[in-house]
>>> print(open('coords26.cif').read())   # mmCIF, C-alpha atoms
data_entry
#
loop_
_atom_site.label_atom_id
_atom_site.label_comp_id
_atom_site.auth_asym_id
_atom_site.auth_seq_id
_atom_site.Cartn_x
_atom_site.Cartn_y
_atom_site.Cartn_z
CA GLY A 243 7.06 12.87 -1.69
CA GLU A 244 4.53 10.22 -0.78
CA ASN A 245 4.67 8.88 2.73
CA VAL A 246 2.59 6.93 5.22
CA GLU A 247 2.75 7.66 8.93
CA GLN A 248 1.83 4.88 11.33
CA HIS A 249 1.12 5.06 15.08
CA PRO A 250 1.81 3.79 17.62
CA SER A 251 5.16 2.11 17.07
CA THR A 252 4.50 -0.30 19.93
CA LEU A 253 1.26 -1.37 21.52
CA SER A 254 0.64 -3.69 24.46
CA VAL A 255 -2.85 -4.90 25.29
CA GLN A 256 -4.32 -7.48 27.60
CA GLU A 257 -5.72 -10.59 26.01
CA GLY A 258 -9.36 -9.99 25.11
CA ASP A 259 -8.98 -6.24 24.78
CA SER A 260 -9.13 -4.34 21.49
CA ALA A 261 -6.18 -2.88 19.59
CA VAL A 262 -6.25 0.04 17.16
CA ILE A 263 -3.46 1.06 14.82
CA LYS A 264 -3.70 4.26 12.81
CA CYS A 265 -2.14 5.39 9.55
CA THR A 266 -2.16 8.62 7.61
CA TYR A 267 -1.22 8.88 3.95
CA SER A 268 -0.12 11.90 1.97
CA ASP A 269 -1.15 11.18 -1.64
CA SER A 270 -4.86 11.77 -2.18
CA ALA A 271 -4.67 9.63 -5.33
CA SER A 272 -3.98 6.48 -3.28
CA ASN A 273 -6.85 4.06 -3.78
CA TYR A 274 -5.89 0.82 -2.10
CA PHE A 275 -4.82 0.27 1.50
CA PRO A 276 -3.59 -3.14 2.62
CA TRP A 277 -2.51 -4.26 6.07
CA TYR A 278 0.26 -6.81 6.50
CA LYS A 279 1.11 -8.87 9.55
CA GLN A 280 4.66 -10.06 10.14
CA GLU A 281 5.26 -12.58 12.90
CA LEU A 282 8.75 -12.86 14.33
CA GLY A 283 11.09 -14.37 11.75
CA LYS A 284 8.30 -14.79 9.22
CA ARG A 285 7.29 -13.08 6.01
CA PRO A 286 4.74 -10.24 5.92
CA GLN A 287 1.29 -11.52 4.99
CA LEU A 288 -1.82 -9.66 3.94
CA ILE A 289 -4.54 -9.78 6.58
CA ILE A 290 -7.08 -7.27 5.29
CA ASP A 291 -7.34 -4.51 2.72
CA ILE A 292 -9.71 -1.73 1.73
CA ARG A 293 -10.30 0.24 -1.44
CA SER A 294 -11.02 3.93 -1.61
CA ASN A 295 -14.68 3.42 -2.59
CA VAL A 296 -15.42 1.67 0.73
CA GLY A 297 -15.46 3.17 4.22
CA GLU A 298 -15.21 0.03 6.31
CA LYS A 299 -14.46 -3.65 5.92
CA LYS A 300 -14.64 -6.47 8.44
CA ASP A 301 -13.25 -9.97 8.56
CA GLN A 302 -14.10 -11.76 11.81
CA ARG A 303 -12.10 -10.00 14.57
CA ILE A 304 -10.35 -7.63 12.21
CA ALA A 305 -11.75 -4.46 10.67
CA VAL A 306 -10.32 -1.58 8.69
CA THR A 307 -11.84 1.88 8.37
CA LEU A 308 -10.98 4.57 5.85
CA ASN A 309 -11.57 8.31 6.01
CA LYS A 310 -10.63 9.66 2.57
CA THR A 311 -11.26 13.26 3.51
CA ALA A 312 -8.81 13.11 6.38
CA LYS A 313 -6.55 10.62 4.59
CA HIS A 314 -6.66 8.31 7.60
CA PHE A 315 -7.15 4.57 7.80
CA SER A 316 -7.12 2.33 10.84
CA LEU A 317 -6.86 -1.34 11.77
CA HIS A 318 -9.07 -2.60 14.57
CA ILE A 319 -8.52 -5.96 16.23
CA THR A 320 -11.13 -7.07 18.76
CA GLU A 321 -10.88 -9.83 21.37
CA THR A 322 -7.13 -9.97 20.94
CA GLN A 323 -5.34 -13.27 21.40
CA PRO A 324 -1.65 -14.06 22.02
CA GLU A 325 -1.27 -15.20 18.42
CA ASP A 326 -2.14 -11.66 17.31
CA SER A 327 1.27 -10.59 18.64
CA ALA A 328 3.28 -9.45 15.60
CA VAL A 329 4.38 -6.38 13.68
CA TYR A 330 1.62 -4.82 11.61
CA PHE A 331 2.34 -2.66 8.57
CA CYS A 332 -0.09 -0.41 6.79
CA ALA A 333 0.47 0.60 3.18
CA ALA A 334 -0.98 2.82 0.50
CA SER A 335 -0.77 2.07 -3.19
CA ILE A 336 -0.07 4.63 -5.86
CA PRO A 337 -2.30 4.17 -8.93
CA GLY A 338 -0.55 3.71 -12.21
CA THR A 339 2.57 2.40 -10.52
CA TYR A 340 3.57 -0.82 -8.87
CA LYS A 341 4.43 0.96 -5.68
CA TYR A 342 3.24 0.57 -2.17
CA ILE A 343 4.31 3.07 0.44
CA PHE A 344 4.59 1.29 3.78
CA GLY A 345 4.27 2.66 7.28
CA THR A 346 7.02 2.09 9.83
CA GLY A 347 5.14 -0.75 11.52
CA THR A 348 3.48 -1.31 14.90
CA ARG A 349 4.73 -4.01 17.24
CA LEU A 350 1.66 -5.42 18.96
CA LYS A 351 2.07 -7.48 22.12
CA VAL A 352 -0.93 -9.29 23.51
CA LEU A 353 -0.37 -10.13 27.15
CA ALA A 354 -1.94 -13.34 28.41
CA GLU B 113 3.47 -24.26 0.71
CA THR B 114 5.02 -20.91 -0.07
CA GLY B 115 4.58 -19.34 -3.48
CA VAL B 116 7.73 -17.22 -3.24
CA THR B 117 11.03 -18.78 -2.29
CA GLN B 118 14.26 -16.97 -1.52
CA THR B 119 17.79 -18.24 -1.19
CA PRO B 120 19.97 -18.04 0.74
CA ARG B 121 18.07 -17.36 3.96
CA HIS B 122 21.20 -16.03 5.64
CA LEU B 123 24.31 -14.50 4.12
CA VAL B 124 27.41 -13.02 5.68
CA MET B 125 29.80 -11.24 3.38
CA GLY B 126 32.78 -8.95 3.49
CA MET B 127 32.78 -5.55 1.89
CA THR B 128 34.78 -6.76 -1.09
CA ASN B 129 32.75 -9.89 -1.80
CA LYS B 130 30.35 -10.49 -4.66
CA LYS B 131 27.24 -12.48 -3.89
CA SER B 132 23.73 -12.89 -5.25
CA LEU B 133 20.29 -13.31 -3.75
CA LYS B 134 17.77 -15.42 -5.62
CA CYS B 135 14.00 -15.30 -5.68
CA GLU B 136 11.54 -17.56 -7.45
CA GLN B 137 7.78 -17.24 -7.58
CA HIS B 138 5.44 -20.11 -8.44
CA LEU B 139 2.26 -18.05 -8.59
CA GLY B 140 2.20 -17.01 -12.22
CA HIS B 141 2.43 -13.35 -11.26
CA ASN B 142 3.56 -10.64 -13.64
CA ALA B 143 5.39 -8.34 -11.22
CA MET B 144 8.30 -8.95 -8.87
CA TYR B 145 9.90 -6.70 -6.29
CA TRP B 146 12.90 -6.31 -4.02
CA TYR B 147 12.30 -4.64 -0.66
CA LYS B 148 14.80 -3.81 2.05
CA GLN B 149 13.70 -4.18 5.67
CA SER B 150 15.79 -2.50 8.35
CA ALA B 151 14.99 -2.17 12.03
CA LYS B 152 12.59 0.66 12.88
CA LYS B 153 12.25 1.74 9.26
CA PRO B 154 9.45 1.18 6.77
CA LEU B 155 9.80 -1.42 4.11
CA GLU B 156 11.86 0.26 1.40
CA LEU B 157 11.06 -0.53 -2.20
CA MET B 158 14.23 -1.07 -4.18
CA PHE B 159 13.27 -2.43 -7.58
CA VAL B 160 10.15 -3.42 -9.48
CA TYR B 161 9.97 -5.65 -12.52
CA ASN B 162 6.85 -6.05 -14.60
CA PHE B 163 6.85 -8.70 -17.31
CA LYS B 164 10.65 -8.86 -16.92
CA GLU B 165 11.05 -5.14 -17.54
CA GLN B 166 12.37 -2.92 -14.79
CA THR B 167 9.75 -0.29 -14.08
CA GLU B 168 11.16 1.15 -10.90
CA ASN B 169 14.59 1.82 -9.47
CA ASN B 170 14.06 3.65 -6.24
CA SER B 171 17.39 5.50 -6.21
CA VAL B 172 19.23 2.38 -5.17
CA PRO B 173 23.07 2.52 -5.14
CA SER B 174 24.75 0.76 -8.03
CA ARG B 175 26.35 -1.75 -5.68
CA PHE B 176 22.93 -3.45 -5.86
CA SER B 177 22.23 -4.83 -9.31
CA PRO B 178 18.96 -6.60 -10.09
CA GLU B 179 18.38 -9.16 -12.79
CA CYS B 180 15.09 -10.60 -13.99
CA PRO B 181 15.67 -13.27 -16.64
CA ASN B 182 11.99 -14.23 -16.77
CA SER B 183 8.78 -13.41 -14.94
CA SER B 184 9.36 -16.17 -12.37
CA HIS B 185 12.92 -15.41 -11.30
CA LEU B 186 14.55 -12.38 -9.78
CA PHE B 187 18.12 -11.91 -8.61
CA LEU B 188 19.86 -9.23 -6.60
CA HIS B 189 23.58 -9.10 -7.27
CA LEU B 190 25.63 -7.60 -4.46
CA HIS B 191 29.07 -6.05 -4.83
CA THR B 192 31.27 -3.96 -2.51
CA LEU B 193 28.51 -3.49 0.04
CA GLN B 194 28.72 -1.38 3.16
CA PRO B 195 27.91 -2.41 6.74
CA GLU B 196 24.80 -0.21 6.61
CA ASP B 197 23.48 -2.49 3.87
CA SER B 198 22.98 -5.19 6.48
CA ALA B 199 19.25 -5.88 6.52
CA LEU B 200 16.54 -8.34 5.60
CA TYR B 201 15.96 -8.36 1.85
CA LEU B 202 12.46 -9.39 0.90
CA CYS B 203 11.34 -10.50 -2.50
CA ALA B 204 7.67 -10.21 -3.42
CA SER B 205 5.41 -10.83 -6.37
CA SER B 206 1.96 -9.67 -7.39
CA GLN B 207 -0.50 -9.90 -10.21
CA ASP B 208 -1.03 -6.38 -11.39
CA SER B 209 -3.35 -4.83 -13.90
CA PHE B 210 -1.60 -1.72 -15.05
CA THR B 211 -4.46 -0.60 -17.27
CA SER B 212 -6.92 -0.53 -14.40
CA GLY B 213 -4.36 0.86 -11.99
CA TYR B 214 -4.94 -2.12 -9.74
CA THR B 215 -1.91 -3.10 -7.71
CA GLY B 216 -2.37 -6.64 -6.52
CA GLU B 217 -1.67 -8.23 -3.17
CA LEU B 218 2.02 -8.62 -2.46
CA PHE B 219 3.16 -12.16 -1.73
CA PHE B 220 6.45 -12.07 0.12
CA GLY B 221 9.22 -14.58 0.42
CA GLU B 222 10.79 -15.42 3.78
CA GLY B 223 13.62 -13.01 3.13
CA SER B 224 17.40 -13.18 2.98
CA ARG B 225 19.11 -11.88 6.11
CA LEU B 226 22.29 -10.13 4.95
CA THR B 227 25.15 -9.18 7.24
CA VAL B 228 28.00 -7.12 5.82
CA LEU B 229 31.18 -7.19 7.87
#
>>> encode(input="coords26.cif", output="structure tokens")
Amino acid sequence: GENVEQHPSTLSVQEGDSAVIKCTYSDSASNYFPWYKQELGKRPQLIIDIRSNVGEKKDQRIAVTLNKTAKHFSLHITETQPEDSAVYFCAASIPGTYKYIFGTGTRLKVLA
Amino acid sequence: ETGVTQTPRHLVMGMTNKKSLKCEQHLGHNAMYWYKQSAKKPLELMFVYNFKEQTENNSVPSRFSPECPNSSHLFLHLHTLQPEDSALYLCASSQDSFTSGYTGELFFGEGSRLTVL
């Protein structure tokens, strides 16, 4: 069945360093890849997304890259700040359905 | 300021109780979802409703019974649950275009933290 693998499960970085989270999806028909951030006790919220016709997208300190051939996509956070500490989930959508397949999440800790 | 509200935020119930979770979205979306979030597991899709019609039941046990009376409200009725059902239950909505295959951004509620004793 469809699945999304996400690594690492936990990540600690020093404030100001970069953080990278990687996901791999199984269904080559997936065409939309969102990233959600969930702060402790809060709801998941979309932070960035990418469609299959684009290889990279940036929004200030956050960027997402997509390699369709390898079925990989990654989240890059530069100049990390303590408020970036949260759990990040990647997801892949399945066209023609209302389904997202989520990764298991990455707990990012930014150390001041 | 939230577009998706869930009640109650916390619920403790015994295995023989019957309770319901409620979700309301104020965004005018056409699709609503129930997800289950357990520790160290991916978000698990339970049910999807599109224009009030259930389009997905992800092999969820019958002790969970969804209800969608209109496109703004979604309920999850709970009956004879098991301790392993303890989790955070998240409601979400999105504006989807089925004809284009475009699945819209999910807007989540704050969740209902369920504990089954």
>>> residues_around(input="coords26.cif", residues="Phe331 of chain A", least_positions_apart="5", cutoff="8 Å", atoms="all atoms listed in the file", output="count of residues only")
9
>>> closest_residue(input="coords26.cif", among="B:Leu193, B:Leu186, B:Ala204, B:Ala199", to="chain A", atoms="only C-alpha atoms")
B:Ala204
>>> interface_residues(input="coords26.cif", of="chain A", to="chain B", cutoff="10 Å", atoms="all atoms listed in the file", output="compact mmCIF listing (two decimals) with C-alpha atoms, keeping the file's coordinate frame")
# COMPACT_ATOMS: atom_id res chain seq x y z
CA ASN A 245 4.67 8.88 2.73
CA VAL A 246 2.59 6.93 5.22
CA GLU A 247 2.75 7.66 8.93
CA GLN A 248 1.83 4.88 11.33
CA SER A 251 5.16 2.11 17.07
CA ASN A 273 -6.85 4.06 -3.78
CA TYR A 274 -5.89 0.82 -2.10
CA PRO A 276 -3.59 -3.14 2.62
CA TYR A 278 0.26 -6.81 6.50
CA GLY A 283 11.09 -14.37 11.75
CA LYS A 284 8.30 -14.79 9.22
CA ARG A 285 7.29 -13.08 6.01
CA PRO A 286 4.74 -10.24 5.92
CA GLN A 287 1.29 -11.52 4.99
CA LEU A 288 -1.82 -9.66 3.94
CA ASP A 291 -7.34 -4.51 2.72
CA PHE A 331 2.34 -2.66 8.57
CA CYS A 332 -0.09 -0.41 6.79
CA ALA A 333 0.47 0.60 3.18
CA SER A 335 -0.77 2.07 -3.19
CA ILE A 336 -0.07 4.63 -5.86
CA PRO A 337 -2.30 4.17 -8.93
CA GLY A 338 -0.55 3.71 -12.21
CA THR A 339 2.57 2.40 -10.52
CA TYR A 340 3.57 -0.82 -8.87
CA LYS A 341 4.43 0.96 -5.68
CA TYR A 342 3.24 0.57 -2.17
CA ILE A 343 4.31 3.07 0.44
CA PHE A 344 4.59 1.29 3.78
CA GLY A 345 4.27 2.66 7.28
CA THR A 346 7.02 2.09 9.83
CA GLY A 347 5.14 -0.75 11.52
CA THR A 348 3.48 -1.31 14.90
>>> resolve_selection(input="coords26.cif", expression="the PyMOL selection byres ((chain B and resi 131) around 12)", output="VMD selection string")
chain B and resid 119 to 120 122 to 130 132 to 134 175 to 178 187 to 193 226 to 228
>>> write_last_selection(input="coords26.cif", atoms="C-alpha atoms", output="short mmCIF file (atom, residue, chain, number, x, y, z; two decimals), in the frame of the given file")
data_model
loop_
_atom_site.label_atom_id
_atom_site.label_comp_id
_atom_site.auth_asym_id
_atom_site.auth_seq_id
_atom_site.Cartn_x
_atom_site.Cartn_y
_atom_site.Cartn_z
CA THR B 119 17.79 -18.24 -1.19
CA PRO B 120 19.97 -18.04 0.74
CA HIS B 122 21.20 -16.03 5.64
CA LEU B 123 24.31 -14.50 4.12
CA VAL B 124 27.41 -13.02 5.68
CA MET B 125 29.80 -11.24 3.38
CA GLY B 126 32.78 -8.95 3.49
CA MET B 127 32.78 -5.55 1.89
CA THR B 128 34.78 -6.76 -1.09
CA ASN B 129 32.75 -9.89 -1.80
CA LYS B 130 30.35 -10.49 -4.66
CA SER B 132 23.73 -12.89 -5.25
CA LEU B 133 20.29 -13.31 -3.75
CA LYS B 134 17.77 -15.42 -5.62
CA ARG B 175 26.35 -1.75 -5.68
CA PHE B 176 22.93 -3.45 -5.86
CA SER B 177 22.23 -4.83 -9.31
CA PRO B 178 18.96 -6.60 -10.09
CA PHE B 187 18.12 -11.91 -8.61
CA LEU B 188 19.86 -9.23 -6.60
CA HIS B 189 23.58 -9.10 -7.27
CA LEU B 190 25.63 -7.60 -4.46
CA HIS B 191 29.07 -6.05 -4.83
CA THR B 192 31.27 -3.96 -2.51
CA LEU B 193 28.51 -3.49 0.04
CA LEU B 226 22.29 -10.13 4.95
CA THR B 227 25.15 -9.18 7.24
CA VAL B 228 28.00 -7.12 5.82
#
>>> atom_distance(input="coords26.cif", atom1="atom CA of Pro181 of chain B", atom2="atom CA of Ser224 of chain B")
19.7 Å
>>> residues_around(input="coords26.cif", residues="segment 260-263 of chain A", least_positions_apart="2", cutoff="8 Å", atoms="all atoms listed in the file", output="number ranges by chain")
A: 248-250, 253, 255, 258, 265, 316-322, 348
>>> write_last_selection(input="coords26.cif", atoms="C-alpha atoms", output="mmCIF file, in the coordinates of the input")
data_model
loop_
_atom_site.group_PDB
_atom_site.id
_atom_site.type_symbol
_atom_site.label_atom_id
_atom_site.label_comp_id
_atom_site.auth_asym_id
_atom_site.auth_seq_id
_atom_site.Cartn_x
_atom_site.Cartn_y
_atom_site.Cartn_z
ATOM 1 C CA GLN A 248 1.830 4.880 11.330
ATOM 2 C CA HIS A 249 1.120 5.060 15.080
ATOM 3 C CA PRO A 250 1.810 3.790 17.620
ATOM 4 C CA LEU A 253 1.260 -1.370 21.520
ATOM 5 C CA VAL A 255 -2.850 -4.900 25.290
ATOM 6 C CA GLY A 258 -9.360 -9.990 25.110
ATOM 7 C CA CYS A 265 -2.140 5.390 9.550
ATOM 8 C CA SER A 316 -7.120 2.330 10.840
ATOM 9 C CA LEU A 317 -6.860 -1.340 11.770
ATOM 10 C CA HIS A 318 -9.070 -2.600 14.570
ATOM 11 C CA ILE A 319 -8.520 -5.960 16.230
ATOM 12 C CA THR A 320 -11.130 -7.070 18.760
ATOM 13 C CA GLU A 321 -10.880 -9.830 21.370
ATOM 14 C CA THR A 322 -7.130 -9.970 20.940
ATOM 15 C CA THR A 348 3.480 -1.310 14.900
#
>>> resolve_selection(input="coords26.cif", expression="the PyMOL selection byres ((chain B and resi 136) around 6)", output="list in words")
Val116, Thr117, Cys135, Gln137, Ser184 and His185 of chain B
>>> residues_around(input="coords26.cif", residues="Ser270 of chain A", least_positions_apart="6", cutoff="9 Å", atoms="all atoms listed in the file", output="list in words")
Lys310, Thr311 and Lys313 of chain A
>>> resolve_selection(input="coords26.cif", expression="the PyMOL selection byres ((chain A and resi 352) around 8)", output="JSON, numbers by chain")
{"A": [254, 255, 256, 257, 322, 323, 324, 325, 326, 327, 350, 351, 353, 354]}
>>> atom_distance(input="coords26.cif", atom1="atom CA of Ser198 of chain B", atom2="atom CA of Asn170 of chain B")
17.9 Å
>>> atom_distance(input="coords26.cif", atom1="atom CA of Ser171 of chain B", atom2="atom CA of Glu244 of chain A")
14.7 Å
>>> axis_aligned_box(input="coords26.cif", around="segment 318-323 of chain A", padding_each_side="4 Å", output="AutoDock Vina command-line options")
--center_x -8.2 --center_y -7.9 --center_z 18.0 --size_x 13.8 --size_y 18.7 --size_z 14.8
